[in-house]
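Pasting data.cif here (mmCIF, C-alpha atoms):
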data_model
loop_
_atom_site.label_atom_id
_atom_site.label_comp_id
_atom_site.auth_asym_id
_atom_site.auth_seq_id
_atom_site.Cartn_x
_atom_site.Cartn_y
_atom_site.Cartn_z
CA MET A 1 15.71 -148.27 -101.95
CA PHE A 2 19.38 -149.16 -101.65
CA LYS A 3 20.95 -149.98 -105.02
CA ARG A 4 23.82 -152.23 -103.96
CA GLY A 5 22.46 -155.55 -102.86
CA LEU A 6 20.79 -154.92 -99.52
CA THR A 7 17.71 -157.04 -99.07
CA ILE A 8 14.55 -155.27 -98.05
CA ALA A 9 14.83 -156.73 -94.57
CA ALA A 10 18.42 -155.57 -94.18
CA ALA A 11 17.52 -152.12 -95.41
CA LEU A 12 14.74 -151.84 -92.87
CA LEU A 13 17.10 -153.03 -90.14
CA ALA A 14 19.65 -150.37 -91.09
CA LEU A 15 17.05 -147.64 -90.99
CA THR A 16 15.72 -148.82 -87.63
CA ALA A 17 19.23 -148.83 -86.21
CA ALA A 18 19.82 -145.35 -87.55
CA GLY A 19 16.60 -144.05 -85.99
CA CYS A 20 16.32 -141.39 -88.67
CA SER A 21 14.98 -140.62 -92.10
CA ALA A 22 17.08 -141.46 -95.14
CA GLU A 23 17.58 -140.53 -98.74
CA ARG A 24 18.84 -143.85 -100.03
CA GLU A 25 21.01 -143.06 -103.03
CA TRP A 26 23.69 -145.68 -102.50
CA GLY A 27 24.25 -148.13 -99.67
CA GLY A 28 25.46 -151.48 -98.54
CA GLY A 29 28.16 -152.60 -96.19
CA SER A 30 30.75 -153.76 -98.74
CA ALA A 31 34.04 -151.90 -98.95
CA SER A 32 34.57 -149.61 -101.90
CA PRO A 33 37.38 -150.28 -104.39
CA ALA A 34 40.65 -148.63 -103.48
CA GLY A 35 40.59 -144.94 -104.31
CA THR A 36 36.79 -144.76 -104.64
CA ALA A 37 35.13 -142.29 -102.31
CA LYS A 38 32.19 -143.54 -100.29
CA ILE A 39 30.58 -140.48 -98.69
CA GLY A 40 27.88 -140.34 -96.06
CA LEU A 41 25.92 -137.12 -95.43
CA ILE A 42 23.99 -136.46 -92.21
CA THR A 43 21.74 -133.40 -92.10
CA LYS A 44 19.69 -132.01 -89.22
CA THR A 45 16.41 -132.96 -90.95
CA ASP A 46 15.45 -134.22 -94.39
CA THR A 47 12.53 -131.82 -94.96
CA ASN A 48 13.91 -128.30 -94.38
CA PRO A 49 14.47 -126.81 -97.88
CA TYR A 50 17.94 -125.65 -96.86
CA PHE A 51 19.06 -129.18 -96.03
CA VAL A 52 17.24 -130.59 -99.06
CA GLN A 53 19.34 -128.26 -101.23
CA LEU A 54 22.51 -129.27 -99.39
CA ARG A 55 21.68 -132.96 -99.86
CA GLU A 56 20.78 -132.62 -103.54
CA SER A 57 23.96 -130.63 -104.23
CA ALA A 58 26.06 -133.26 -102.48
CA LYS A 59 24.33 -136.04 -104.41
CA ALA A 60 24.92 -134.30 -107.75
CA ALA A 61 28.57 -133.59 -106.90
CA ALA A 62 29.13 -137.22 -105.89
CA GLN A 63 27.57 -138.50 -109.11
CA ALA A 64 29.72 -136.13 -111.17
CA ARG A 65 32.89 -137.29 -109.41
CA GLY A 66 32.15 -141.03 -109.45
CA ALA A 67 31.71 -141.28 -105.67
CA GLU A 68 29.24 -143.45 -103.78
CA PHE A 69 26.78 -141.44 -101.70
CA ILE A 70 24.40 -142.15 -98.82
CA ALA A 71 22.29 -139.59 -96.95
CA LEU A 72 20.64 -139.83 -93.55
CA ALA A 73 19.01 -137.18 -91.37
CA GLY A 74 17.74 -136.56 -87.89
CA GLN A 75 14.00 -136.93 -87.40
CA PHE A 76 13.67 -133.35 -86.13
CA ASP A 77 15.79 -130.27 -85.46
CA GLY A 78 17.74 -131.16 -82.32
CA ASP A 79 17.71 -134.95 -82.80
CA ASN A 80 21.25 -135.60 -81.55
CA ASP A 81 20.61 -139.28 -80.80
CA GLY A 82 19.44 -139.84 -84.37
CA GLN A 83 22.61 -138.26 -85.71
CA VAL A 84 24.78 -140.39 -83.41
CA ARG A 85 23.07 -143.53 -84.73
CA ALA A 86 23.56 -142.30 -88.29
CA ILE A 87 27.31 -141.89 -87.69
CA GLU A 88 27.49 -145.42 -86.28
CA ASN A 89 25.51 -146.67 -89.28
CA PHE A 90 27.99 -145.09 -91.68
CA VAL A 91 30.99 -146.53 -89.82
CA GLN A 92 29.45 -149.99 -90.20
CA GLN A 93 28.83 -149.38 -93.91
CA GLY A 94 32.48 -148.56 -94.50
CA VAL A 95 32.29 -144.95 -95.66
CA ASN A 96 35.58 -143.10 -95.87
CA THR A 97 34.06 -139.62 -95.42
CA ILE A 98 31.23 -138.33 -93.25
CA LEU A 99 29.75 -134.89 -93.93
CA ILE A 100 27.54 -133.68 -91.07
CA THR A 101 25.45 -130.65 -90.15
CA PRO A 102 25.46 -131.27 -86.38
CA ASN A 103 22.22 -130.57 -84.53
CA SER A 104 24.31 -129.67 -81.51
CA SER A 105 27.86 -128.41 -81.59
CA THR A 106 28.70 -130.77 -78.71
CA GLY A 107 26.04 -133.51 -78.81
CA VAL A 108 27.72 -135.79 -81.38
CA LEU A 109 31.39 -135.36 -80.45
CA ASP A 110 31.95 -138.85 -79.01
CA ALA A 111 30.52 -140.51 -82.13
CA ILE A 112 32.60 -138.25 -84.37
CA ALA A 113 35.73 -139.12 -82.39
CA ARG A 114 35.07 -142.84 -82.87
CA ALA A 115 34.58 -142.33 -86.61
CA ARG A 116 37.85 -140.42 -86.90
CA GLN A 117 39.66 -143.10 -84.91
CA ALA A 118 38.40 -145.58 -87.51
CA GLY A 119 40.17 -143.56 -90.20
CA ILE A 120 37.11 -141.72 -91.53
CA LEU A 121 37.41 -138.10 -92.66
CA VAL A 122 34.74 -136.05 -90.85
CA ILE A 123 33.74 -132.62 -92.13
CA ALA A 124 31.16 -130.32 -90.56
CA LEU A 125 28.89 -128.48 -93.01
CA ASP A 126 26.87 -125.37 -92.11
CA THR A 127 27.31 -125.74 -88.32
CA ALA A 128 30.67 -125.84 -86.54
CA THR A 129 31.43 -128.17 -83.67
CA GLU A 130 32.75 -127.03 -80.30
CA PRO A 131 35.67 -127.35 -80.20
CA ALA A 132 36.21 -126.73 -83.89
CA ASP A 133 38.96 -129.36 -84.12
CA ALA A 134 36.51 -132.11 -83.13
CA VAL A 135 36.17 -132.52 -86.91
CA ASP A 136 38.88 -132.43 -89.55
CA ALA A 137 37.46 -129.30 -91.22
CA THR A 138 34.36 -127.13 -91.47
CA PHE A 139 32.75 -125.69 -94.61
CA ALA A 140 30.13 -123.18 -93.53
CA THR A 141 28.80 -119.66 -93.50
CA ASP A 142 30.63 -117.37 -91.10
CA ASN A 143 27.47 -116.93 -89.05
CA PHE A 144 28.86 -114.13 -86.92
CA GLU A 145 29.67 -112.19 -90.08
CA ALA A 146 26.24 -112.93 -91.56
CA GLY A 147 24.62 -111.62 -88.38
CA ARG A 148 26.90 -108.58 -88.41
CA GLN A 149 25.84 -107.78 -91.99
CA GLN A 150 22.21 -108.12 -90.97
CA GLY A 151 22.71 -105.79 -87.98
CA ALA A 152 24.71 -103.26 -90.01
CA TYR A 153 21.91 -103.12 -92.57
CA ALA A 154 19.29 -102.56 -89.86
CA LYS A 155 21.40 -99.82 -88.28
CA ALA A 156 21.83 -98.05 -91.61
CA ALA A 157 18.11 -98.36 -92.36
CA LEU A 158 17.24 -96.75 -89.00
CA GLY A 159 19.59 -93.85 -89.71
CA ALA A 160 19.79 -91.51 -86.73
CA THR A 161 16.81 -93.14 -84.99
CA PRO A 162 17.82 -95.11 -81.87
CA PRO A 163 16.90 -98.81 -82.10
CA LYS A 164 14.02 -100.30 -80.14
CA LEU A 165 14.65 -103.97 -80.77
CA LEU A 166 12.89 -107.31 -80.49
CA MET A 167 14.98 -110.44 -81.08
CA ILE A 168 13.43 -113.68 -82.37
CA ASP A 169 16.19 -116.23 -81.86
CA GLY A 170 16.58 -119.84 -82.99
CA THR A 171 17.40 -122.84 -80.80
CA ALA A 172 18.93 -122.03 -77.43
CA GLY A 173 22.51 -123.29 -77.17
CA SER A 174 22.98 -123.74 -80.93
CA SER A 175 26.25 -122.26 -82.16
CA VAL A 176 24.52 -120.93 -85.30
CA ASN A 177 21.92 -119.20 -83.16
CA THR A 178 24.53 -117.72 -80.81
CA LEU A 179 26.82 -116.50 -83.58
CA ARG A 180 24.05 -114.85 -85.58
CA HIS A 181 22.59 -113.23 -82.46
CA ASP A 182 25.97 -111.89 -81.34
CA GLY A 183 26.89 -110.77 -84.85
CA PHE A 184 23.64 -108.84 -85.22
CA LEU A 185 24.26 -107.00 -81.96
CA ALA A 186 27.78 -106.15 -83.10
CA GLY A 187 26.44 -104.87 -86.44
CA ILE A 188 23.71 -102.71 -84.93
CA GLY A 189 26.06 -101.51 -82.19
CA LEU A 190 24.39 -102.86 -79.04
CA ALA A 191 25.69 -104.89 -76.11
CA GLU A 192 23.88 -107.93 -74.78
CA GLY A 193 21.33 -106.78 -72.21
CA ALA A 194 21.20 -103.21 -73.50
CA PRO A 195 17.98 -101.35 -72.66
CA GLU A 196 17.30 -100.88 -76.37
CA ILE A 197 16.57 -104.63 -76.52
CA ARG A 198 12.88 -104.69 -75.54
CA GLY A 199 12.50 -108.48 -75.58
CA THR A 200 13.88 -111.80 -76.84
CA GLN A 201 12.22 -115.11 -77.67
CA ASN A 202 13.52 -118.47 -78.89
CA ALA A 203 11.50 -119.92 -81.77
CA ASN A 204 13.66 -122.89 -82.88
CA GLY A 205 13.61 -121.62 -86.46
CA ASP A 206 9.88 -122.40 -86.68
CA GLN A 207 7.46 -119.97 -88.36
CA ASN A 208 4.51 -120.68 -86.08
CA LEU A 209 6.58 -120.47 -82.90
CA ALA A 210 8.09 -117.23 -84.17
CA GLN A 211 4.65 -115.71 -84.76
CA GLN A 212 3.51 -116.75 -81.27
CA GLY A 213 6.70 -115.45 -79.70
CA ALA A 214 6.52 -112.13 -81.54
CA GLU A 215 2.87 -111.71 -80.55
CA ASN A 216 3.78 -112.27 -76.90
CA LEU A 217 6.61 -109.76 -77.07
CA LEU A 218 4.51 -107.17 -78.90
CA ALA A 219 1.84 -107.44 -76.23
CA ARG A 220 4.41 -106.07 -73.78
CA ALA A 221 6.44 -103.79 -76.06
CA ARG A 222 4.57 -102.13 -78.92
CA ASP A 223 7.00 -99.24 -79.26
CA ILE A 224 9.59 -100.97 -81.46
CA ASN A 225 11.23 -100.09 -84.76
CA VAL A 226 13.48 -103.07 -85.55
CA VAL A 227 13.17 -106.86 -85.30
CA TYR A 228 16.02 -109.37 -85.49
CA THR A 229 15.06 -112.76 -86.95
CA MET A 230 17.40 -115.73 -86.89
CA ASN A 231 16.22 -117.15 -90.23
CA GLU A 232 13.58 -116.63 -92.90
CA PRO A 233 10.84 -118.90 -91.47
CA THR A 234 11.27 -116.92 -88.25
CA ALA A 235 10.94 -113.69 -90.23
CA ARG A 236 7.72 -114.86 -91.87
CA GLY A 237 6.25 -115.61 -88.46
CA ALA A 238 7.37 -112.26 -87.07
CA HIS A 239 5.94 -110.47 -90.13
CA ALA A 240 2.52 -112.03 -89.50
CA ALA A 241 2.60 -110.78 -85.90
CA LEU A 242 3.70 -107.29 -86.96
CA GLN A 243 1.10 -107.11 -89.72
CA ALA A 244 -1.68 -107.97 -87.28
CA ARG A 245 -0.73 -104.90 -85.23
CA GLY A 246 -0.19 -102.57 -88.18
CA LEU A 247 3.58 -102.47 -87.66
CA ALA A 248 4.85 -104.41 -90.68
CA GLY A 249 5.61 -101.30 -92.73
CA PRO A 250 7.40 -99.06 -90.22
CA VAL A 251 9.49 -101.75 -88.54
CA VAL A 252 12.86 -102.65 -90.07
CA MET A 253 13.26 -106.42 -90.26
CA ALA A 254 16.11 -108.30 -91.90
CA SER A 255 16.90 -112.00 -91.84
CA ILE A 256 19.40 -114.68 -92.88
CA ASP A 257 19.13 -117.67 -95.26
CA GLY A 258 18.79 -116.73 -98.92
CA GLY A 259 16.19 -119.33 -99.82
CA CYS A 260 14.08 -118.57 -102.88
CA GLU A 261 11.00 -118.15 -100.68
CA GLY A 262 12.90 -115.70 -98.51
CA VAL A 263 14.06 -113.72 -101.52
CA ALA A 264 10.43 -113.59 -102.66
CA ASN A 265 9.55 -112.24 -99.20
CA VAL A 266 12.11 -109.47 -99.73
CA ALA A 267 10.64 -108.71 -103.16
CA ALA A 268 7.17 -108.48 -101.57
CA GLY A 269 8.38 -106.12 -98.85
CA GLN A 270 7.74 -108.54 -95.98
CA ILE A 271 11.46 -108.56 -95.14
CA ARG A 272 13.58 -105.47 -95.81
CA ALA A 273 16.71 -107.55 -96.58
CA THR A 274 18.06 -111.06 -96.14
CA VAL A 275 21.60 -112.37 -95.93
CA MET A 276 22.07 -115.18 -98.45
CA GLN A 277 24.21 -118.21 -97.68
CA PHE A 278 25.27 -120.96 -100.08
CA PRO A 279 24.54 -124.56 -98.97
CA GLY A 280 25.30 -125.94 -102.42
CA LYS A 281 28.86 -124.64 -102.19
CA MET A 282 29.30 -126.24 -98.76
CA ALA A 283 28.14 -129.60 -100.12
CA GLU A 284 30.32 -129.48 -103.23
CA LEU A 285 33.44 -128.57 -101.26
CA GLY A 286 32.72 -131.38 -98.82
CA VAL A 287 32.34 -133.95 -101.58
CA ASP A 288 35.51 -132.70 -103.29
CA ALA A 289 37.42 -133.15 -100.04
CA GLY A 290 36.04 -136.67 -99.63
CA VAL A 291 37.06 -137.63 -103.15
CA GLU A 292 40.55 -136.24 -102.61
CA TYR A 293 40.89 -138.08 -99.32
CA ALA A 294 39.93 -141.38 -100.95
CA LYS A 295 42.61 -140.88 -103.61
CA THR A 296 45.50 -139.37 -101.65
CA LYS A 297 44.63 -139.53 -97.92
CA GLN A 298 45.09 -135.75 -97.83
CA LYS A 299 42.71 -134.10 -95.37
CA PRO A 300 41.47 -130.49 -95.30
CA SER A 301 41.72 -128.60 -92.04
CA GLY A 302 40.33 -125.50 -90.35
CA PHE A 303 37.32 -123.32 -91.12
CA HIS A 304 36.39 -122.50 -94.72
CA ASP A 305 33.92 -119.62 -95.10
CA THR A 306 31.51 -120.24 -97.96
CA GLY A 307 30.35 -116.61 -98.03
CA SER A 308 27.24 -114.51 -97.41
CA VAL A 309 25.62 -111.63 -99.30
CA VAL A 310 22.93 -109.10 -98.33
CA ILE A 311 19.95 -109.21 -100.72
CA THR A 312 17.71 -106.14 -100.92
CA ASP A 313 16.15 -103.67 -103.32
CA HIS A 314 16.70 -100.96 -100.69
CA PRO A 315 20.51 -100.69 -100.51
CA MET A 316 22.09 -98.78 -97.66
CA PRO A 317 25.32 -96.73 -97.61
CA GLY A 318 28.26 -98.67 -96.26
CA VAL A 319 26.57 -102.09 -96.59
CA HIS A 320 27.48 -104.15 -99.63
CA SER A 321 24.39 -105.77 -101.15
CA GLU A 322 22.97 -107.32 -104.28
CA ALA A 323 19.54 -106.68 -105.75
CA VAL A 324 16.59 -109.06 -105.51
CA ALA A 325 17.06 -109.99 -109.18
CA TRP A 326 20.54 -111.28 -108.34
CA GLY A 327 19.11 -113.11 -105.36
CA GLU A 328 16.50 -114.80 -107.54
CA GLN A 329 19.28 -116.14 -109.76
CA ASN A 330 21.39 -117.44 -106.90
CA CYS A 331 18.89 -118.54 -104.24
CA TRP A 332 18.38 -122.12 -103.12
CA GLY A 333 15.13 -124.10 -102.87
CA ASP A 334 12.10 -124.10 -105.16
CA LYS A 335 11.91 -121.08 -107.45
#
Now, as a test, write the supplied structure out as C-alpha cells.
Amino acid sequence: MFKRGLTIAAALLALTAAGCSAEREWGGGSASPAGTAKIGLITKTDTNPYFVQLRESAKAAAQARGAEFIALAGQFDGDNDGQVRAIENFVQQGVNTILITPNSSTGVLDAIARARQAGILVIALDTATEPADAVDATFATDNFEAGRQQGAYAKAALGATPPKLLMIDGTAGSSVNTLRHDGFLAGIGLAEGAPEIRGTQNANGDQNLAQQGAENLLARARDINVVYTMNEPTARGAHAALQARGLAGPVVMASIDGGCEGVANVAAGQIRATVMQFPGKMAELGVDAGVEYAKTKQKPSGFHDTGSVVITDHPMPGVHSEAVAWGEQNCWGDK
C-alpha cells in the first residue's frame, strides 16, 4: 500500500485512474521538500523478469539516494493507454522525474510532452522514443548493435556455409524489434528480403507464440541452418519447435536479453549464444539523473548506451564474447 497518507479509497481511485498495475513503494500527491527527488517509473508490464529487475534496481537506487519512488506498469505488452494514464497519474502526484520504458515509440508522445511542459524530467529506459528528442534523454541498450553482434556470431558459427534463415521477430512496429532485426541482418550480411531469408513471423516476445510461429514456418521450410530470435522467451519457443523436428542441434540460434534463465539455456545448449543487456544499469543511471535534476535542475540529454555482451561457451573468431560463467555472475532475474 502507499506509505504516505493515502487512504485506501484514494489509493484505489488512483489505481483505477491509472488503469495499470502498480508496485506501490511511495506515493501521495503532496509536493516533496525542495531538492528531494520524487521519481516515477513506468514499465511495459510488471511481470516480465526484465522489467521486474529494472524496477527493483530503480527502487534500490532511489532508497540509497534518499529519493521517493513510485512504480506503475502497463497491464500488457503494448498497453499504450495504460502508460498514458500512468504519466497523467504521476503529473498529478507531483513527481519531478518520470522514467519510462515506452510500449510504443510514438504512442505516449503527447502525454510525455505535457509532462515536460509541466517541468518534469522525462527519461526513456530500454526503448527509445521516435523522435528521440521527445524525451530529455535515453538510457538503453544500443539494440541495433546488440542485433549486429547476434548476427555476426551466427555468421561466424556458420563459417563458409550460406545461411538459410528463419526470423522470429517481436512486436511489429516496435523500435526495439526493428533495430534488433535490422542489426542482425547487418551482422549476418543479408539485405531485407534476401532469398536466404526463408520466412519471418512476429511473436510479440511470447514463448508460446514463438513456438507456434516457428512450427508454421518449419512446415514450409525445413531446410534451414540458422534462426534469429528477438529475445530469450522467443528463443525458448523456437527451440521447442526445432527440437520436435530433430533440428535443435544442427541449427545455429542466438538471442538477446541476458536473463539468468537465458544464460542457463545457453549452458544447456538450447541457445548457442545470447547477447546480454543490463537493465539494472539503465535504472540506476535514470535515478541518478532524477536526483541530480531535483538538486540542480541539470538535465541529461541524448542517447546513453548501457552496453551489451555476447555470452557463449562456443566463442567465435572476430566476435568478442564472455563465457557462461561470466554470464551467470552478471545476469538479471532469478538465479
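With all atoms listed in the file taken into account, the protein and nucleic acid residues at most 9 Å from A:Ala210 (excluding it and anything under 6 positions from it in its own chain) are Ile168, Asp169, Gly170, Gln201, Asn202, Ala203, Asn204, Thr229, Pro233, Thr234, Ala235, Arg236, Gly237, Ala238 and Ala241 of chain A.
Once the PyMOL selection byres ((chain A and resi 328) around 10) is applied to the depicted file, the selected set reads Gly258, Gly259, Cys260, Glu261, Gly262, Val263, Ala264, Ala267, Ile311, Ala323, Val324, Ala325, Trp326, Gly327, Gln329, Asn330, Cys331, Trp332 and Lys335 of chain A.
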Give me the result of the PyMOL selection byres ((chain A and resi 69) around 7) on this file, residue by residue, as number ranges by chain. A: 25-26, 38-40, 59, 62, 67-68, 70-71
If you apply the PyMOL selection byres ((chain A and resi 150-156) around 9) to this file, what residues do you get, as number ranges by chain? A: 145-149, 157-163, 180, 183-189, 226-228, 252-256, 272-275, 310, 315-319
Between atom CA of A:Arg220 and atom CA of A:Gln243, what is the distance in Å, rounded to a tenth? 16.3 Å
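Ranking A:Val266, A:Gln207, A:Leu121, A:Gly82 by their shortest atom-to-atom distance to A:Ala289, with all atoms listed in the file included, puts A:Leu121 first.
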Spatial neighbours of A:Asp257, 6 Å, only C-alpha atoms, chain gap at least 5 places, as a list in words: Asn231, Val275, Met276 and Gln277 of chain A
Neighbours of A:Arg116 within 10 Å (only C-alpha atoms; same-chain residues fewer than 2 positions away dropped), as a PyMOL selection string? chain A and resi 91+96-98+110-114+118-122+134-136
Selected residues written out with C-alpha atoms, as a PDB file, in the frame of the given file:
ATOM      1  CA  VAL A  91      30.990-146.530 -89.820  1.00  0.00           C
ATOM      2  CA  ASN A  96      35.580-143.100 -95.870  1.00  0.00           C
ATOM      3  CA  THR A  97      34.060-139.620 -95.420  1.00  0.00           C
ATOM      4  CA  ILE A  98      31.230-138.330 -93.250  1.00  0.00           C
ATOM      5  CA  ASP A 110      31.950-138.850 -79.010  1.00  0.00           C
ATOM      6  CA  ALA A 111      30.520-140.510 -82.130  1.00  0.00           C
ATOM      7  CA  ILE A 112      32.600-138.250 -84.370  1.00  0.00           C
ATOM      8  CA  ALA A 113      35.730-139.120 -82.390  1.00  0.00           C
ATOM      9  CA  ARG A 114      35.070-142.840 -82.870  1.00  0.00           C
ATOM     10  CA  ALA A 118      38.400-145.580 -87.510  1.00  0.00           C
ATOM     11  CA  GLY A 119      40.170-143.560 -90.200  1.00  0.00           C
ATOM     12  CA  ILE A 120      37.110-141.720 -91.530  1.00  0.00           C
ATOM     13  CA  LEU A 121      37.410-138.100 -92.660  1.00  0.00           C
ATOM     14  CA  VAL A 122      34.740-136.050 -90.850  1.00  0.00           C
ATOM     15  CA  ALA A 134      36.510-132.110 -83.130  1.00  0.00           C
ATOM     16  CA  VAL A 135      36.170-132.520 -86.910  1.00  0.00           C
ATOM     17  CA  ASP A 136      38.880-132.430 -89.550  1.00  0.00           C
TER      18      ASP A 136
END
